[in-house]
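Q: Contents of final.txt (compact mmCIF, C-alpha atoms) are below:
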```txt
# COMPACT_ATOMS: atom_id res chain seq x y z
CA MET A 1 -53.76 227.59 -16.80
CA ILE A 2 -51.51 230.02 -18.76
CA HIS A 3 -52.16 233.60 -17.69
CA SER A 4 -49.57 235.51 -19.71
CA LEU A 5 -46.79 235.08 -22.24
CA PHE A 6 -43.66 237.24 -22.46
CA LEU A 7 -41.16 237.16 -25.33
CA ILE A 8 -37.64 238.16 -24.30
CA ASN A 9 -34.74 238.69 -26.72
CA ALA A 10 -31.04 237.95 -26.22
CA SER A 11 -30.47 241.45 -24.81
CA GLY A 12 -33.01 240.87 -22.03
CA ASP A 13 -35.71 243.16 -23.48
CA ILE A 14 -39.39 242.16 -23.34
CA PHE A 15 -40.50 242.92 -26.90
CA LEU A 16 -43.96 241.32 -26.83
CA GLU A 17 -46.47 240.33 -24.15
CA LYS A 18 -49.89 238.70 -24.28
CA HIS A 19 -52.39 238.29 -21.40
CA TRP A 20 -55.34 235.88 -21.51
CA LYS A 21 -56.85 236.35 -18.05
CA SER A 22 -55.81 239.22 -15.79
CA VAL A 23 -52.85 241.43 -16.72
CA VAL A 24 -49.66 240.27 -14.99
CA SER A 25 -47.05 242.97 -14.38
CA ARG A 26 -43.76 242.78 -16.29
CA SER A 27 -41.95 242.87 -12.94
CA VAL A 28 -42.65 239.12 -12.61
CA CYS A 29 -39.90 238.60 -15.22
CA ASP A 30 -37.31 239.93 -12.71
CA TYR A 31 -37.17 236.42 -11.25
CA PHE A 32 -36.39 235.11 -14.73
CA PHE A 33 -33.64 237.72 -15.25
CA GLU A 34 -32.04 236.73 -11.92
CA ALA A 35 -31.99 233.06 -13.01
CA GLN A 36 -30.57 234.14 -16.38
CA GLU A 37 -27.67 235.96 -14.68
CA ARG A 38 -26.83 232.88 -12.61
CA ALA A 39 -26.81 230.59 -15.68
CA THR A 40 -23.43 230.09 -17.37
CA GLU A 41 -24.99 229.49 -20.81
CA PRO A 42 -28.28 230.85 -22.27
CA GLU A 43 -29.74 227.33 -22.54
CA ASN A 44 -28.93 226.60 -18.87
CA VAL A 45 -31.71 228.83 -17.51
CA PRO A 46 -34.03 226.55 -15.45
CA PRO A 47 -37.19 225.78 -17.46
CA VAL A 48 -39.39 226.13 -14.34
CA ILE A 49 -38.85 229.04 -11.93
CA PRO A 50 -41.11 229.30 -8.85
CA THR A 51 -41.96 232.80 -7.54
CA PRO A 52 -44.10 233.75 -4.49
CA HIS A 53 -47.35 233.97 -6.52
CA HIS A 54 -46.54 232.46 -9.95
CA TYR A 55 -44.55 229.82 -11.81
CA LEU A 56 -42.46 230.92 -14.81
CA ILE A 57 -42.08 228.19 -17.45
CA SER A 58 -39.80 228.99 -20.41
CA VAL A 59 -38.24 227.61 -23.57
CA LEU A 60 -35.35 229.07 -25.61
CA ARG A 61 -35.77 228.92 -29.38
CA HIS A 62 -33.99 230.99 -32.05
CA HIS A 63 -32.34 233.21 -29.36
CA ILE A 64 -35.77 234.17 -27.98
CA TYR A 65 -37.08 233.16 -24.55
CA PHE A 66 -40.80 232.31 -24.52
CA VAL A 67 -41.82 232.75 -20.87
CA ALA A 68 -45.29 231.59 -19.75
CA VAL A 69 -46.72 232.80 -16.44
CA ILE A 70 -48.78 230.24 -14.48
CA GLN A 71 -50.70 230.96 -11.26
CA SER A 72 -51.86 227.44 -10.34
CA GLU A 73 -49.88 224.20 -10.45
CA VAL A 74 -49.88 222.73 -13.96
CA PRO A 75 -47.81 219.84 -15.46
CA PRO A 76 -44.72 221.74 -16.74
CA LEU A 77 -44.29 219.52 -19.82
CA PHE A 78 -47.81 220.45 -20.90
CA VAL A 79 -46.87 224.15 -20.95
CA ILE A 80 -43.44 223.49 -22.53
CA GLU A 81 -45.07 221.50 -25.35
CA PHE A 82 -47.54 224.35 -25.95
CA LEU A 83 -44.69 226.91 -26.12
CA HIS A 84 -42.90 224.77 -28.70
CA ARG A 85 -46.16 224.62 -30.70
CA VAL A 86 -46.29 228.45 -30.62
CA VAL A 87 -42.73 228.68 -32.00
CA ASP A 88 -43.43 226.07 -34.70
CA THR A 89 -46.60 227.94 -35.71
CA PHE A 90 -44.71 231.25 -36.03
CA GLN A 91 -42.07 229.48 -38.13
CA ASP A 92 -44.75 227.95 -40.34
CA TYR A 93 -46.49 231.30 -40.87
CA PHE A 94 -43.51 233.64 -41.25
CA GLY A 95 -40.77 231.30 -42.56
CA VAL A 96 -38.52 232.21 -39.62
CA CYS A 97 -39.18 232.82 -35.94
CA THR A 98 -37.06 235.90 -35.21
CA GLU A 99 -37.66 239.11 -33.30
CA ALA A 100 -37.84 241.07 -36.59
CA ALA A 101 -40.39 238.64 -38.12
CA ILE A 102 -42.59 238.75 -35.01
CA LYS A 103 -42.50 242.57 -34.89
CA ASP A 104 -43.28 242.84 -38.62
CA ASN A 105 -46.32 240.57 -38.22
CA VAL A 106 -47.42 241.63 -34.75
CA VAL A 107 -51.15 241.74 -35.67
CA VAL A 108 -51.07 238.15 -36.98
CA VAL A 109 -49.08 237.07 -33.90
CA TYR A 110 -51.78 238.39 -31.55
CA GLU A 111 -54.53 236.83 -33.69
CA LEU A 112 -52.74 233.45 -33.56
CA LEU A 113 -52.19 233.61 -29.80
CA GLU A 114 -55.86 234.50 -29.33
CA GLU A 115 -56.93 231.37 -31.26
CA MET A 116 -54.32 229.01 -29.80
CA LEU A 117 -55.43 229.67 -26.22
CA ASP A 118 -58.96 230.22 -25.00
CA ASN A 119 -59.09 231.77 -21.53
CA GLY A 120 -55.65 230.27 -20.87
CA PHE A 121 -56.43 226.74 -22.16
CA PRO A 122 -55.12 225.32 -25.49
CA LEU A 123 -57.76 225.41 -28.20
CA ALA A 124 -56.44 225.23 -31.79
CA THR A 125 -52.78 224.27 -32.13
CA GLU A 126 -52.88 222.42 -35.47
CA SER A 127 -51.37 224.37 -38.36
CA ASN A 128 -54.10 223.26 -40.80
CA ILE A 129 -56.90 224.55 -38.56
CA LEU A 130 -55.09 227.81 -37.80
CA LYS A 131 -54.50 228.53 -41.48
CA GLU A 132 -58.23 228.30 -42.14
CA LEU A 133 -58.97 230.53 -39.15
CA ILE A 134 -56.19 233.06 -39.85
CA LYS A 135 -54.77 233.43 -43.35
CA PRO A 136 -50.94 233.49 -43.52
CA PRO A 137 -49.61 236.99 -44.29
CA THR A 138 -48.68 237.90 -47.87
CA ILE A 139 -47.55 241.25 -49.28
CA LEU A 140 -50.85 241.68 -51.18
CA ARG A 141 -53.00 240.70 -48.19
CA THR A 142 -51.03 243.05 -45.91
CA MET A 143 -51.56 245.97 -48.32
CA VAL A 144 -55.31 245.24 -48.64
CA ASN A 145 -55.68 244.99 -44.85
CA THR A 146 -53.83 248.29 -44.39
CA ILE A 147 -56.10 250.09 -46.88
CA THR A 148 -59.44 248.50 -45.93
CA GLY A 149 -58.80 247.97 -42.21
CA SER A 150 -59.79 244.28 -42.47
CA THR A 151 -57.96 241.41 -40.71
CA ASN A 152 -56.55 237.99 -41.63
CA VAL A 153 -59.23 236.20 -39.58
CA GLY A 154 -61.37 233.87 -41.75
CA GLU A 155 -65.13 234.31 -41.95
CA GLN A 156 -66.05 230.60 -41.67
CA LEU A 157 -65.33 227.97 -39.05
CA PRO A 158 -62.66 225.47 -40.27
CA THR A 159 -64.23 222.33 -41.72
CA GLY A 160 -61.85 220.07 -39.79
CA GLN A 161 -62.86 221.63 -36.46
CA LEU A 162 -66.23 219.83 -36.63
CA SER A 163 -64.97 216.43 -37.82
CA VAL A 164 -63.59 213.39 -36.03
CA VAL A 165 -60.15 214.21 -37.51
CA PRO A 166 -59.74 217.86 -36.50
CA TRP A 167 -56.14 217.96 -37.77
CA ARG A 168 -57.23 217.47 -41.41
CA ARG A 169 -59.52 219.74 -43.42
CA THR A 170 -62.09 218.22 -45.75
CA GLY A 171 -62.14 218.43 -49.54
CA VAL A 172 -58.36 218.44 -50.02
CA LYS A 173 -57.36 218.11 -53.70
CA TYR A 174 -53.93 217.89 -55.34
CA THR A 175 -52.81 217.34 -58.94
CA ASN A 176 -49.63 215.60 -57.75
CA ASN A 177 -50.15 213.31 -54.76
CA GLU A 178 -46.97 212.85 -52.73
CA ALA A 179 -45.84 211.89 -49.24
CA TYR A 180 -42.30 212.57 -47.98
CA PHE A 181 -40.82 211.48 -44.65
CA ASP A 182 -37.56 212.75 -43.12
CA VAL A 183 -35.91 210.63 -40.40
CA VAL A 184 -33.60 213.06 -38.57
CA GLU A 185 -31.41 211.86 -35.69
CA GLU A 186 -29.31 214.03 -33.39
CA ILE A 187 -26.52 212.37 -31.41
CA ASP A 188 -25.41 213.73 -28.02
CA ALA A 189 -22.18 212.23 -26.72
CA ILE A 190 -19.28 212.79 -24.33
CA ILE A 191 -16.00 211.05 -25.26
CA ASP A 192 -13.14 210.85 -22.74
CA LYS A 193 -9.46 211.51 -23.53
CA SER A 194 -8.76 207.83 -24.28
CA GLY A 195 -11.59 207.68 -26.84
CA SER A 196 -14.05 205.73 -24.68
CA THR A 197 -17.71 206.77 -24.65
CA ILE A 198 -18.82 208.21 -21.29
CA THR A 199 -22.39 208.86 -22.37
CA ALA A 200 -24.23 208.73 -25.70
CA GLU A 201 -27.86 209.04 -26.70
CA ILE A 202 -29.90 209.77 -29.80
CA GLN A 203 -32.85 212.13 -30.13
CA GLY A 204 -34.77 211.37 -33.29
CA VAL A 205 -37.78 212.77 -35.14
CA ILE A 206 -39.78 211.79 -38.21
CA ASP A 207 -41.01 214.90 -40.03
CA ALA A 208 -43.58 214.48 -42.77
CA CYS A 209 -44.77 216.51 -45.74
CA VAL A 210 -47.99 214.92 -46.98
CA LYS A 211 -49.95 216.34 -49.90
CA LEU A 212 -52.63 213.78 -50.69
CA THR A 213 -56.14 214.18 -52.09
CA GLY A 214 -59.19 213.17 -50.06
CA MET A 215 -58.99 211.31 -46.73
CA PRO A 216 -56.12 208.79 -47.06
CA ASP A 217 -55.33 206.28 -44.31
CA LEU A 218 -51.59 205.53 -44.10
CA THR A 219 -49.58 202.79 -42.39
CA LEU A 220 -45.83 203.09 -41.85
CA SER A 221 -43.83 200.07 -40.68
CA PHE A 222 -40.17 199.79 -39.59
CA MET A 223 -37.56 197.06 -40.02
CA ASN A 224 -36.55 197.35 -36.34
CA PRO A 225 -39.18 199.27 -34.30
CA ARG A 226 -37.89 197.86 -30.97
CA LEU A 227 -35.03 200.37 -31.13
CA LEU A 228 -37.35 203.21 -30.18
CA ASP A 229 -37.72 204.42 -26.57
CA ASP A 230 -39.81 207.28 -25.15
CA VAL A 231 -41.86 207.66 -28.32
CA SER A 232 -44.05 210.77 -28.60
CA PHE A 233 -46.70 210.76 -31.34
CA HIS A 234 -48.72 213.28 -33.27
CA PRO A 235 -52.42 213.04 -32.21
CA CYS A 236 -53.27 211.45 -35.59
CA VAL A 237 -51.42 208.18 -34.73
CA ARG A 238 -53.57 205.27 -33.50
CA PHE A 239 -51.75 204.34 -30.30
CA LYS A 240 -53.38 200.93 -29.75
CA ARG A 241 -52.20 199.71 -33.16
CA TRP A 242 -48.65 200.83 -32.31
CA GLU A 243 -48.75 199.04 -28.94
CA ALA A 244 -50.03 195.81 -30.49
CA GLU A 245 -48.15 195.62 -33.80
CA ARG A 246 -45.47 198.36 -33.70
CA ILE A 247 -46.99 199.87 -36.86
CA LEU A 248 -47.86 203.55 -37.30
CA SER A 249 -51.44 203.85 -38.57
CA PHE A 250 -52.81 207.36 -39.13
CA ILE A 251 -54.89 209.77 -41.21
CA PRO A 252 -52.26 212.46 -41.86
CA PRO A 253 -52.72 216.23 -41.52
CA ASP A 254 -52.44 218.16 -44.76
CA GLY A 255 -48.95 219.58 -45.32
CA ASN A 256 -45.97 219.58 -42.94
CA PHE A 257 -46.14 218.00 -39.49
CA ARG A 258 -44.01 216.02 -37.01
CA LEU A 259 -45.24 212.43 -36.99
CA LEU A 260 -43.23 211.30 -33.98
CA SER A 261 -40.17 211.96 -31.87
CA TYR A 262 -38.17 209.25 -30.11
CA HIS A 263 -35.15 208.57 -27.93
CA VAL A 264 -32.45 205.88 -28.10
CA SER A 265 -30.47 205.74 -24.86
CA SER A 266 -28.94 202.23 -24.85
CA GLN A 267 -25.23 202.94 -25.24
CA ASN A 268 -24.58 199.66 -27.05
CA LEU A 269 -26.99 200.84 -29.79
CA VAL A 270 -25.38 204.29 -30.21
CA ALA A 271 -22.55 204.22 -32.75
CA ILE A 272 -20.08 207.12 -32.61
CA PRO A 273 -19.63 208.24 -36.25
CA VAL A 274 -16.38 210.26 -35.84
CA TYR A 275 -13.17 209.83 -33.88
CA VAL A 276 -10.66 212.45 -32.74
CA LYS A 277 -6.92 212.00 -32.22
CA HIS A 278 -5.66 214.85 -30.07
CA ASN A 279 -2.48 215.98 -28.37
CA ILE A 280 -2.92 219.30 -26.54
CA THR A 281 -0.09 219.97 -24.08
CA PHE A 282 1.06 222.84 -21.90
CA ARG A 283 4.44 222.75 -20.15
CA GLU A 284 5.12 224.30 -16.76
CA GLY A 285 7.25 227.44 -17.14
CA SER A 286 7.06 227.42 -20.95
CA SER A 287 5.47 230.23 -22.99
CA GLN A 288 4.31 227.79 -25.67
CA GLY A 289 1.85 224.94 -25.91
CA ARG A 290 1.31 222.23 -28.49
CA PHE A 291 -1.97 221.72 -30.38
CA ASP A 292 -2.44 218.65 -32.56
CA LEU A 293 -5.86 217.46 -33.74
CA THR A 294 -6.94 214.89 -36.37
CA LEU A 295 -10.51 213.88 -37.30
CA GLY A 296 -11.73 210.71 -38.98
CA PRO A 297 -14.99 208.86 -39.75
CA LYS A 298 -15.98 205.51 -38.27
CA GLN A 299 -19.10 203.33 -38.38
CA THR A 300 -20.66 205.52 -41.09
CA MET A 301 -21.41 202.63 -43.52
CA GLY A 302 -19.53 204.43 -46.29
CA LYS A 303 -21.56 207.66 -45.97
CA ALA A 304 -19.68 210.98 -46.05
CA VAL A 305 -19.37 213.13 -42.91
CA GLU A 306 -20.15 216.71 -44.02
CA SER A 307 -20.46 220.25 -42.63
CA VAL A 308 -17.90 219.48 -39.91
CA LEU A 309 -17.22 222.37 -37.52
CA VAL A 310 -14.84 222.03 -34.56
CA SER A 311 -14.75 224.55 -31.71
CA SER A 312 -12.76 224.66 -28.48
CA GLN A 313 -12.65 227.13 -25.60
CA LEU A 314 -8.92 227.52 -24.92
CA PRO A 315 -7.58 228.49 -21.46
CA ARG A 316 -7.43 232.19 -20.48
CA GLY A 317 -3.64 232.16 -20.51
CA VAL A 318 -3.49 231.54 -24.30
CA LEU A 319 -2.58 234.77 -26.13
CA ASN A 320 -2.54 233.48 -29.70
CA ALA A 321 -2.62 230.31 -31.77
CA ASN A 322 -0.38 229.69 -34.78
CA LEU A 323 -1.91 226.63 -36.43
CA ASN A 324 -1.76 224.97 -39.82
CA PRO A 325 -4.94 223.23 -41.07
CA SER A 326 -4.57 220.51 -43.73
CA GLN A 327 -8.13 221.30 -44.81
CA GLY A 328 -10.59 224.15 -44.23
CA THR A 329 -9.96 227.36 -42.30
CA TYR A 330 -9.60 228.22 -38.62
CA THR A 331 -10.15 231.36 -36.55
CA PHE A 332 -9.00 232.24 -33.03
CA ASP A 333 -10.58 235.05 -31.05
CA PRO A 334 -7.95 236.42 -28.62
CA VAL A 335 -10.67 238.07 -26.49
CA THR A 336 -13.06 235.14 -25.94
CA LYS A 337 -10.26 232.51 -26.49
CA LEU A 338 -12.56 230.57 -28.81
CA LEU A 339 -10.88 228.47 -31.49
CA THR A 340 -13.11 227.50 -34.45
CA TRP A 341 -12.11 225.19 -37.30
CA ASP A 342 -14.43 224.90 -40.31
CA VAL A 343 -13.44 221.52 -41.75
CA GLY A 344 -16.20 220.90 -44.31
CA LYS A 345 -16.33 217.32 -45.64
CA ILE A 346 -14.04 214.60 -44.24
CA ASN A 347 -12.10 212.66 -46.87
CA PRO A 348 -11.30 209.18 -45.42
CA GLN A 349 -8.23 208.88 -47.70
CA LYS A 350 -6.72 212.13 -46.38
CA LEU A 351 -7.86 212.85 -42.85
CA PRO A 352 -8.09 216.56 -41.89
CA SER A 353 -5.69 217.76 -39.21
CA LEU A 354 -4.95 221.00 -37.37
CA LYS A 355 -1.43 221.32 -35.95
CA GLY A 356 0.68 224.10 -34.50
CA THR A 357 1.62 226.01 -31.36
CA MET A 358 -0.14 228.25 -28.85
CA SER A 359 1.50 231.32 -27.30
CA LEU A 360 0.97 231.67 -23.54
CA GLN A 361 1.39 234.61 -21.17
CA ALA A 362 4.96 234.88 -19.90
CA GLY A 363 5.26 233.61 -16.33
CA ALA A 364 1.72 232.27 -16.29
CA SER A 365 1.18 228.96 -14.55
CA LYS A 366 0.21 225.86 -16.49
CA PRO A 367 -3.60 225.71 -17.10
CA ASP A 368 -5.43 223.50 -14.58
CA GLU A 369 -7.20 221.46 -17.25
CA ASN A 370 -7.10 220.85 -20.97
CA PRO A 371 -9.84 222.33 -23.15
CA THR A 372 -12.80 220.29 -24.39
CA ILE A 373 -13.54 219.96 -28.12
CA ASN A 374 -17.06 220.42 -29.47
CA ILE A 375 -17.91 218.97 -32.90
CA GLN A 376 -20.79 219.64 -35.29
CA PHE A 377 -21.38 217.42 -38.34
CA LYS A 378 -24.02 215.99 -40.69
CA ILE A 379 -24.30 212.60 -42.39
CA GLN A 380 -26.85 212.38 -45.21
CA GLN A 381 -28.85 209.22 -45.98
CA MET A 382 -28.02 207.50 -42.69
CA ALA A 383 -29.81 207.06 -39.36
CA ILE A 384 -27.09 206.38 -36.80
CA SER A 385 -29.43 204.23 -34.65
CA GLY A 386 -29.97 201.84 -37.57
CA LEU A 387 -33.69 202.68 -37.80
CA LYS A 388 -35.12 201.89 -41.25
CA VAL A 389 -38.57 202.32 -42.74
CA ASN A 390 -39.86 199.03 -44.14
CA ARG A 391 -42.88 200.18 -46.16
CA LEU A 392 -45.54 202.84 -46.47
CA ASP A 393 -49.05 201.79 -47.55
CA MET A 394 -52.15 203.84 -48.29
CA TYR A 395 -55.80 202.82 -47.91
CA GLY A 396 -59.10 204.60 -48.53
CA GLU A 397 -58.12 206.22 -51.85
CA LYS A 398 -57.62 204.66 -55.30
CA TYR A 399 -54.73 206.72 -56.74
CA LYS A 400 -51.03 205.80 -56.31
CA PRO A 401 -49.03 208.53 -54.54
CA PHE A 402 -45.33 209.25 -54.94
CA LYS A 403 -43.50 208.26 -51.73
CA GLY A 404 -40.05 209.25 -50.49
CA ILE A 405 -37.96 208.58 -47.34
CA LYS A 406 -34.84 210.55 -46.42
CA TYR A 407 -32.43 209.92 -43.53
CA MET A 408 -30.02 212.32 -41.81
CA THR A 409 -27.77 212.19 -38.76
CA LYS A 410 -26.36 215.33 -37.15
CA ALA A 411 -24.44 216.21 -34.00
CA GLY A 412 -26.25 217.66 -31.02
CA LYS A 413 -23.97 218.25 -28.01
CA PHE A 414 -20.98 216.21 -29.14
CA GLN A 415 -18.02 216.77 -26.83
CA VAL A 416 -14.53 215.26 -26.70
CA ARG A 417 -12.47 215.71 -23.53
CA THR A 418 -8.72 216.11 -23.85
```
Any chance you could give the structure as structure tokens?

A:
Amino acid sequence: MIHSLFLINASGDIFLEKHWKSVVSRSVCDYFFEAQERATEPENVPPVIPTPHHYLISVLRHHIYFVAVIQSEVPPLFVIEFLHRVVDTFQDYFGVCTEAAIKDNVVVVYELLEEMLDNGFPLATESNILKELIKPPTILRTMVNTITGSTNVGEQLPTGQLSVVPWRRTGVKYTNNEAYFDVVEEIDAIIDKSGSTITAEIQGVIDACVKLTGMPDLTLSFMNPRLLDDVSFHPCVRFKRWEAERILSFIPPDGNFRLLSYHVSSQNLVAIPVYVKHNITFREGSSQGRFDLTLGPKQTMGKAVESVLVSSQLPRGVLNANLNPSQGTYTFDPVTKLLTWDVGKINPQKLPSLKGTMSLQAGASKPDENPTINIQFKIQQMAISGLKVNRLDMYGEKYKPFKGIKYMTKAGKFQVRT
């Protein structure tokens, strides 16, 4: 299974390594560095890299590469899912998963990795179980451990580890019983210069924060569950009930967890929530180019489009950009040629625009192609796929919990070609 794990920062330095079986030399990462040099973007490094004696399987999260070393053939998605669990666990324990946070809590990191894998095989990956095994670091606990030489490892086996629901500890009690669910959808799209959709798909997740006393049994139903493709569930979900009735039935873990992730790939179901009117022109023999860009909302059901950020990689021949934004601020980096426009919130009554001229190198030929425009945005209280939760019911306990559902749509890789 997994022999070793290397953590590599954005500079290409290995700042942490962990070995479960035999020690694997750091030189195995040279194959990873070669693939990294060939990749145009950091996220374009191949997730699986074969070497003469090993396979390197990696994920990139928070500007850190988590590289697992495998000696025998293993399903790659199995390893990738485990690496994502490692990152999520670090984030849960330390608040953030950064190089500084990992270095500051290096003892806890090694204790967690030791519990999450046993001789290279996944053992405890649930946050609830891990927090009973290894106490999350606090300033007081860190000081006591430094003085006494003790560790964060718990003295007793987690209660949930021995039960039929290992993701939930026993004897949970809360004064306020509440269950919150966040439906978060990320839209990836490529729009051509005429405004037609070349490709569009939605990656969605339902994140939950459940703080309920006892051993509640929840059911969550949707208005339109047939929308969902490629659904991936948390182990607590009863799959046969979903297959038969399209209802989520589960005993939830205590605290924060991801209930399911899903995919919507039918283009007729993917609504594009913003449109772009653009006119970017370069004339042959001229030292100036024209830049004209206008954004507007569409198919947002009256919801506001917020946190809009537009970026575009202009051609190398552009020396400077003299633009006038009707809203927000723009920056142009003359070295990297990156134009960034921080729009903020789109007002449908007065659409934001960015207009002006670009200065080109004298005598330079007309650029071969127009730049592409990348857009980031958020829409609160709306799931762009149209997914809606119908009702949430609880069985097995007598109290009435407080329940809340929140929706959000945001841009993933949203690109407009000009």

Q: Find the spatial neighbours of His263 of chain A, counting all atoms listed in the file, within a cut-off of 10 Å - ignore same-chain residues fewer than 2 positions away - and output them as a ChimeraX atom specification.

A: /A:185-186,201-205,227-232,261,265-266,385

Q: Rounded to one decimal in Å, what is the spacing between atom CA of Pro315 of chain A and atom CA of Thr331 of chain A?

A: 15.6 Å

Q: By how many Å are atom CA of Ser25 of chain A and atom CA of Tyr110 of chain A apart?

A: 18.4 Å

Q: For a quick check of understanding, using only C-alpha atoms, which of A:Asn9, A:Thr175, A:Thr213, A:Gln380 has the smallest distance to Gly396 of chain A?

A: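 The shortest atom-to-atom distance to Gly396 of chain A comes from A:Thr213.
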
Q: Rounded to one decimal, what separation in Å do you get between atom CA of Pro166 of chain A and atom CA of Val74 of chain A?

A: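 Between atom CA of Pro166 of chain A and atom CA of Val74 of chain A the gap is 25.1 Å.
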
Q: Can you pull out every residue within 9 Å of His84 of chain A, counting only C-alpha atoms, but drop anything in the same chain fewer than 3 positions away, and send it as an mmCIF file with C-alpha atoms, in the coordinates of the input?

A:
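Wrote it out as out-v4.cif, contents follow:
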```cif
data_model
loop_
_atom_site.group_PDB
_atom_site.id
_atom_site.type_symbol
_atom_site.label_atom_id
_atom_site.label_comp_id
_atom_site.auth_asym_id
_atom_site.auth_seq_id
_atom_site.Cartn_x
_atom_site.Cartn_y
_atom_site.Cartn_z
ATOM 1 C CA VAL A 59 -38.240 227.610 -23.570
ATOM 2 C CA ARG A 61 -35.770 228.920 -29.380
ATOM 3 C CA PHE A 66 -40.800 232.310 -24.520
ATOM 4 C CA VAL A 79 -46.870 224.150 -20.950
ATOM 5 C CA ILE A 80 -43.440 223.490 -22.530
ATOM 6 C CA GLU A 81 -45.070 221.500 -25.350
ATOM 7 C CA VAL A 87 -42.730 228.680 -32.000
ATOM 8 C CA ASP A 88 -43.430 226.070 -34.700
ATOM 9 C CA THR A 89 -46.600 227.940 -35.710
#
```

Q: Can you work out which one of A:Gly386, A:Gly302, A:Gly289, A:Pro273 has the shortest atom-to-atom distance to Ala321 of chain A, counting all atoms listed in the file?

A: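 Among the listed residues, the smallest separation from Ala321 of chain A belongs to A:Gly289.
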
Q: Neighbouring residues of Leu392 of chain A were defined as those with any atom within 12 Å, considering all atoms listed in the file; residues of the same chain fewer than 5 positions away were excluded. Please report them as a count of residues only.

A: 21

Q: Within 12 Å of Pro52 of chain A, counting only C-alpha atoms, which residues qualify if same-chain residues fewer than 5 places away don't, as a PyMOL selection string?

A: chain A and resi 28+31+70-72

Q: Which neighbours of Glu73 of chain A fall inside 12 Å, counting all atoms listed in the file, when residues of the same chain fewer than 5 positions from it are skipped, and could you give them as JSON, numbers by chain?

A: {"A": [1, 2, 48, 50, 53, 54, 55, 56, 57, 78, 79]}

Q: Next, the residues of the selection above should be written as an mmCIF file, in the coordinates of the input with C-alpha atoms.

A:
```cif
data_model
loop_
_atom_site.group_PDB
_atom_site.id
_atom_site.type_symbol
_atom_site.label_atom_id
_atom_site.label_comp_id
_atom_site.auth_asym_id
_atom_site.auth_seq_id
_atom_site.Cartn_x
_atom_site.Cartn_y
_atom_site.Cartn_z
ATOM 1 C CA MET A 1 -53.760 227.590 -16.800
ATOM 2 C CA ILE A 2 -51.510 230.020 -18.760
ATOM 3 C CA VAL A 48 -39.390 226.130 -14.340
ATOM 4 C CA PRO A 50 -41.110 229.300 -8.850
ATOM 5 C CA HIS A 53 -47.350 233.970 -6.520
ATOM 6 C CA HIS A 54 -46.540 232.460 -9.950
ATOM 7 C CA TYR A 55 -44.550 229.820 -11.810
ATOM 8 C CA LEU A 56 -42.460 230.920 -14.810
ATOM 9 C CA ILE A 57 -42.080 228.190 -17.450
ATOM 10 C CA PHE A 78 -47.810 220.450 -20.900
ATOM 11 C CA VAL A 79 -46.870 224.150 -20.950
#
```

Q: Between A:Asp292, A:Asp192, A:Glu243, A:Glu126, which one has atoms that come closest to Ser353 of chain A, using only C-alpha atoms?

A: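 Of A:Asp292, A:Asp192, A:Glu243, A:Glu126, the one nearest Ser353 of chain A, counting only C-alpha atoms, is A:Asp292.
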
Q: When you count only C-alpha atoms, which of these residues is closest to Arg169 of chain A: A:Leu339, A:Leu133, A:Val416, A:Ile49?

A: A:Leu133

Q: Which of these residues is nearest to Pro225 of chain A, using only C-alpha atoms: A:Ser365, A:Asn390, A:Ser311, A:Ser196?

A: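 For Pro225 of chain A, the nearest of the given residues is A:Asn390.
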
Q: From the list A:Val335, A:Ile379, A:Ile280, A:Val264, which residue is nearest Met358 of chain A when using all atoms listed in the file?

A: A:Ile280
